[in-house]
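The file start.pdb contains PDB, C-alpha atoms:
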```pdb
ATOM      1  CA  MET R   1      54.416  23.913  74.453
ATOM      2  CA  SER R   2      52.358  25.291  77.303
ATOM      3  CA  ARG R   3      54.738  24.857  80.215
ATOM      4  CA  GLN R   4      53.984  26.683  83.438
ATOM      5  CA  PHE R   5      57.573  26.632  84.742
ATOM      6  CA  VAL R   6      61.149  26.742  83.533
ATOM      7  CA  HIS R   7      62.354  23.113  83.654
ATOM      8  CA  MET R   8      66.025  22.568  84.537
ATOM      9  CA  SER R   9      67.901  19.284  84.479
ATOM     10  CA  VAL R  10      70.254  18.499  87.339
ATOM     11  CA  ASP R  11      73.120  17.527  85.010
ATOM     12  CA  ALA R  12      74.430  18.274  81.533
ATOM     13  CA  PRO R  13      73.880  14.797  80.026
ATOM     14  CA  GLY R  14      70.235  14.831  81.111
ATOM     15  CA  ALA R  15      69.707  18.344  79.771
ATOM     16  CA  LEU R  16      71.233  17.436  76.409
ATOM     17  CA  GLU R  17      69.120  14.282  76.161
ATOM     18  CA  VAL R  18      65.948  16.290  76.746
ATOM     19  CA  GLY R  19      67.090  18.995  74.316
ATOM     20  CA  ARG R  20      67.607  16.463  71.529
ATOM     21  CA  ARG R  21      63.937  15.494  71.684
ATOM     22  CA  LYS R  22      63.006  18.704  69.855
ATOM     23  CA  GLY R  23      66.076  19.278  67.725
ATOM     24  CA  GLY R  24      69.411  17.849  66.749
ATOM     25  CA  ALA R  25      71.786  20.424  68.239
ATOM     26  CA  PRO R  26      70.651  21.685  71.658
ATOM     27  CA  VAL R  27      72.423  24.585  73.357
ATOM     28  CA  LEU R  28      73.397  23.940  76.970
ATOM     29  CA  LEU R  29      72.616  26.799  79.336
ATOM     30  CA  VAL R  30      74.042  26.791  82.856
ATOM     31  CA  ILE R  31      71.876  28.303  85.562
ATOM     32  CA  ARG R  32      73.696  29.807  88.538
ATOM     33  CA  ALA R  33      70.881  28.612  90.777
ATOM     34  CA  ARG R  34      72.568  29.272  94.123
ATOM     35  CA  GLU R  35      73.151  32.903  93.186
ATOM     36  CA  ALA R  36      69.591  33.263  91.893
ATOM     37  CA  TYR R  37      68.181  31.636  95.023
ATOM     38  CA  ASP R  38      70.296  33.859  97.267
ATOM     39  CA  ALA R  39      68.935  36.860  95.330
ATOM     40  CA  GLY R  40      65.393  35.787  96.237
ATOM     41  CA  HIS R  41      64.264  33.706  93.254
ATOM     42  CA  ALA R  42      62.306  30.549  94.089
ATOM     43  CA  PHE R  43      63.113  27.053  92.840
ATOM     44  CA  TYR R  44      60.915  23.980  93.251
ATOM     45  CA  GLU R  45      61.857  20.312  93.119
ATOM     46  CA  GLY R  46      60.028  18.654  90.219
ATOM     47  CA  ASN R  47      61.586  15.241  90.797
ATOM     48  CA  GLU R  48      65.068  13.876  91.459
ATOM     49  CA  PHE R  49      66.262  14.930  87.991
ATOM     50  CA  VAL R  50      64.388  18.219  87.398
ATOM     51  CA  TRP R  51      64.088  21.544  89.204
ATOM     52  CA  LEU R  52      61.496  24.181  88.338
ATOM     53  CA  ALA R  53      61.324  27.968  88.524
ATOM     54  CA  ASP R  54      58.733  30.569  87.621
ATOM     55  CA  PHE R  55      61.473  32.359  85.675
ATOM     56  CA  VAL R  56      65.247  32.745  85.707
ATOM     57  CA  PRO R  57      66.646  36.245  85.134
ATOM     58  CA  ALA R  58      69.214  36.423  82.335
ATOM     59  CA  GLU R  59      71.915  37.617  84.735
ATOM     60  CA  PHE R  60      71.993  34.074  86.223
ATOM     61  CA  ILE R  61      72.261  32.216  82.894
ATOM     62  CA  ASP R  62      75.534  31.289  81.179
ATOM     63  CA  ARG R  63      76.045  29.470  77.905
ATOM     64  CA  SER R  64      78.160  26.370  78.372
TER
END
```

Would it be possible to restate this file's structure as structure tokens?
Amino acid sequence: MSRQFVHMSVDAPGALEVGRRKGGAPVLLVIRAREAYDAGHAFYEGNEFVWLADFVPAEFIDRS
């Protein structure tokens, strides 16, 4: 896919639903967005269910 941004769902059920579109067993990653934002990384509202970022450093990503 040729996405321009990292797409992040606002909740786990939504993220899993989107993940299942491309495969049967998605892995849920939790973004510590407040910490990333406080560290100076920008986030943009895509719509009421999706937030966007240019990138998310690995230090702010946890596996659920």

- Could you please determine the separation between atom CA of Gln4 of chain R and atom CA of Trp51 of chain R in Å, to one decimal place?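 Going from atom CA of Gln4 of chain R over to atom CA of Trp51 of chain R, I get 12.7 Å.
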
- Message: I need the output of the PyMOL selection byres ((chain R and resi 34-50) around 9) for this file as a list of chain:residue names; which residues are they?
- Response: R:His7, R:Met8, R:Ser9, R:Val10, R:Asp11, R:Gly14, R:Ile31, R:Arg32, R:Ala33, R:Trp51, R:Leu52, R:Ala53, R:Asp54, R:Phe55, R:Val56, R:Pro57, R:Glu59, R:Phe60

- Item | Atomic distance atom CA of Ser64 of chain R - atom CA of Ser2 of chain R, expressed in Å with one decimal | 25.8 Å

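Distance check against Arg63 of chain R using all atoms listed in the file: of R:Ala12, R:Phe5, R:Glu17, R:Gly24, the minimum falls on R:Ala12.
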
Box in all listed atoms of segment 30-33 of chain R, axis-aligned, with 8 Å more on each side; write out centre and edge lengths in Å to one decimal as AutoDock Vina command-line options.
```
--center_x 72.5 --center_y 28.3 --center_z 86.8 --size_x 19.2 --size_y 19.0 --size_z 23.9
```

- Message: My list of candidates is R:Val30, R:Lys22, R:Leu16, R:Val6. Which is closest to Ile61 of chain R when distances are computed with only C-alpha atoms?
- Response: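 The closest residue to Ile61 of chain R is R:Val30.
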